[in-house]
Amino acid sequence: MKKASRTLHLSIESRLSDVALIGLAVRGVCACSPLDAEAYGEMEVCVVEAVNNAITHAYLREHGFRVDAYITLHPDRISFEITDCGRPMEHYAPRSLEFDPQEISSLPENGMGLFIIESIMDEVSYRSQDGRNTLSFCRYFAKPRS
């Protein structure tokens, strides 16, 4: 018998002070998965970064809007969707960090969150459709075969 996927849907107001609630929920769901404890923190960082980005960039830190997070445990992976109805991300593309590690002033001021997510997750995608922006990402429990 095939195991069913299970989804937890969380919704918060666009307040940075509420993002920690989602981070704690991510850790709780990860505890029900085959991931190790180190990966719990990685998953939390990615989701918190995505929610922070929605609040900061899509809603320009204005309160009174919704950010939704969907955490789904599949038999082979854990997946996340972060959605908002704010300003869409322009020109989404995989990030790269180009800076001189010897020169602290060359560190980028933004774009680090998506770089972190793309570095940790196995799959990352973004879509903006019908006024709704969705950043989706997942981590496989066992690396997919090429």
# chains A, B, ... in the order shown; residues from 1 in each chain; ligands from 1

call {"tool": "select_by_dssp", "arguments": {"residues": "chain A", "states": "strand (DSSP E)", "output": "ChimeraX atom specification"}}
result
/A:6-13,66-73,77-84,123-129,132-140

call {"tool": "closest_residue", "arguments": {"among": "A:Arg27, A:Tyr126, A:Asn133, A:Ile71", "to": "Tyr59 in chain A", "atoms": "only C-alpha atoms"}}
result
A:Asn133

call {"tool": "residues_around", "arguments": {"residues": "Leu60 in chain A", "least_positions_apart": "3", "cutoff": "10 Å", "atoms": "only C-alpha atoms", "output": "ChimeraX atom specification"}}
result
/A:14,53-57,63,86-87

call {"tool": "write_last_selection", "arguments": {"atoms": "N, CA and C atoms", "output": "compact mmCIF listing (two decimals), in the first residue's frame"}}
result
# COMPACT_ATOMS: atom_id res chain seq x y z
N SER A 14 1.57 39.39 7.42
CA SER A 14 2.87 39.82 6.91
C SER A 14 3.66 40.62 7.96
N ASN A 53 11.33 36.82 2.61
CA ASN A 53 11.37 37.46 1.29
C ASN A 53 9.98 37.93 0.86
N ALA A 54 8.96 37.10 1.10
CA ALA A 54 7.59 37.49 0.74
C ALA A 54 7.18 38.75 1.49
N ILE A 55 7.46 38.79 2.78
CA ILE A 55 7.08 39.95 3.59
C ILE A 55 7.88 41.19 3.17
N THR A 56 9.17 41.02 3.00
CA THR A 56 10.06 42.15 2.73
C THR A 56 9.93 42.66 1.30
N HIS A 57 9.87 41.76 0.32
CA HIS A 57 9.90 42.18 -1.08
C HIS A 57 8.52 42.25 -1.72
N HIS A 63 2.09 45.51 6.97
CA HIS A 63 1.27 44.54 7.69
C HIS A 63 -0.11 44.46 7.05
N GLY A 86 1.48 39.64 -3.21
CA GLY A 86 2.15 40.93 -3.33
C GLY A 86 2.80 41.10 -4.69
N ARG A 87 3.81 41.96 -4.70
CA ARG A 87 4.55 42.22 -5.94
C ARG A 87 5.29 40.95 -6.37

call {"tool": "residues_around", "arguments": {"residues": "Ala50 in chain A", "least_positions_apart": "3", "cutoff": "12 Å", "atoms": "only C-alpha atoms", "output": "ChimeraX atom specification"}}
result
/A:16,19,22-23,43-47,53-58,67-70,80-84,89,111-118,124-126,133-137

call {"tool": "write_last_selection", "arguments": {"atoms": "C-alpha atoms", "output": "mmCIF file, in the first residue's frame"}}
result
data_model
loop_
_atom_site.group_PDB
_atom_site.id
_atom_site.type_symbol
_atom_site.label_atom_id
_atom_site.label_comp_id
_atom_site.auth_asym_id
_atom_site.auth_seq_id
_atom_site.Cartn_x
_atom_site.Cartn_y
_atom_site.Cartn_z
ATOM 1 C CA LEU A 16 8.443 39.507 10.404
ATOM 2 C CA VAL A 19 7.906 34.116 10.874
ATOM 3 C CA ILE A 22 6.450 28.822 10.728
ATOM 4 C CA GLY A 23 10.068 27.901 11.443
ATOM 5 C CA MET A 43 14.712 23.162 6.065
ATOM 6 C CA GLU A 44 13.790 25.785 8.656
ATOM 7 C CA VAL A 45 16.328 28.272 7.270
ATOM 8 C CA CYS A 46 14.989 27.847 3.732
ATOM 9 C CA VAL A 47 11.342 28.308 4.698
ATOM 10 C CA ASN A 53 11.366 37.465 1.292
ATOM 11 C CA ALA A 54 7.595 37.493 0.742
ATOM 12 C CA ILE A 55 7.078 39.952 3.589
ATOM 13 C CA THR A 56 10.057 42.154 2.726
ATOM 14 C CA HIS A 57 9.898 42.181 -1.085
ATOM 15 C CA ALA A 58 6.344 41.281 -2.101
ATOM 16 C CA VAL A 67 1.695 34.698 3.598
ATOM 17 C CA ASP A 68 0.817 31.023 3.275
ATOM 18 C CA ALA A 69 3.178 28.120 3.770
ATOM 19 C CA TYR A 70 2.374 24.565 2.708
ATOM 20 C CA PHE A 80 7.353 23.520 0.610
ATOM 21 C CA GLU A 81 5.270 26.179 -1.093
ATOM 22 C CA ILE A 82 5.365 29.771 0.074
ATOM 23 C CA THR A 83 2.666 31.961 -1.452
ATOM 24 C CA ASP A 84 1.740 35.622 -1.339
ATOM 25 C CA MET A 89 9.606 38.628 -8.248
ATOM 26 C CA GLY A 111 19.750 37.764 -3.049
ATOM 27 C CA MET A 112 21.347 35.623 -0.357
ATOM 28 C CA GLY A 113 18.062 33.998 0.696
ATOM 29 C CA LEU A 114 17.348 32.507 -2.720
ATOM 30 C CA PHE A 115 20.974 31.459 -3.072
ATOM 31 C CA ILE A 116 20.730 29.609 0.257
ATOM 32 C CA ILE A 117 17.467 27.922 -0.737
ATOM 33 C CA GLU A 118 18.875 26.857 -4.113
ATOM 34 C CA VAL A 124 13.355 25.104 -6.644
ATOM 35 C CA SER A 125 10.805 26.865 -8.850
ATOM 36 C CA TYR A 126 8.865 30.113 -8.895
ATOM 37 C CA ASN A 133 3.248 34.281 -6.285
ATOM 38 C CA THR A 134 4.516 30.832 -5.329
ATOM 39 C CA LEU A 135 8.034 29.750 -4.475
ATOM 40 C CA SER A 136 8.196 25.946 -4.393
ATOM 41 C CA PHE A 137 11.113 23.815 -3.250
#

call {"tool": "closest_residue", "arguments": {"among": "A:Glu90, A:Glu62, A:Asp18, A:Asp76", "to": "Ser33 in chain A", "atoms": "only C-alpha atoms"}}
result
A:Asp76

call {"tool": "atom_distance", "arguments": {"atom1": "CA of Ile120 in chain A", "atom2": "CA of Tyr40 in chain A"}}
result
11.5 Å

call {"tool": "closest_residue", "arguments": {"among": "A:Leu73, A:Phe65, A:Glu42, A:Pro34", "to": "Ser119 in chain A", "atoms": "only C-alpha atoms"}}
result
A:Glu42

call {"tool": "select_by_dssp", "arguments": {"residues": "range 35-78 of chain A", "states": "alpha helix (DSSP H)", "output": "PyMOL selection string"}}
result
chain A and resi 37-53

call {"tool": "closest_residue", "arguments": {"among": "A:Phe141, A:Ser5, A:Gln129, A:Val51", "to": "Thr72 in chain A", "atoms": "only C-alpha atoms"}}
result
A:Ser5

call {"tool": "closest_residue", "arguments": {"among": "A:Glu123, A:His9, A:Arg61, A:Val48", "to": "Leu21 in chain A", "atoms": "only C-alpha atoms"}}
result
A:Val48

call {"tool": "atom_distance", "arguments": {"atom1": "CA of Arg132 in chain A", "atom2": "CA of Ala39 in chain A"}}
result
28.9 Å

call {"tool": "atom_distance", "arguments": {"atom1": "CA of Cys85 in chain A", "atom2": "CA of Tyr140 in chain A"}}
result
28.1 Å
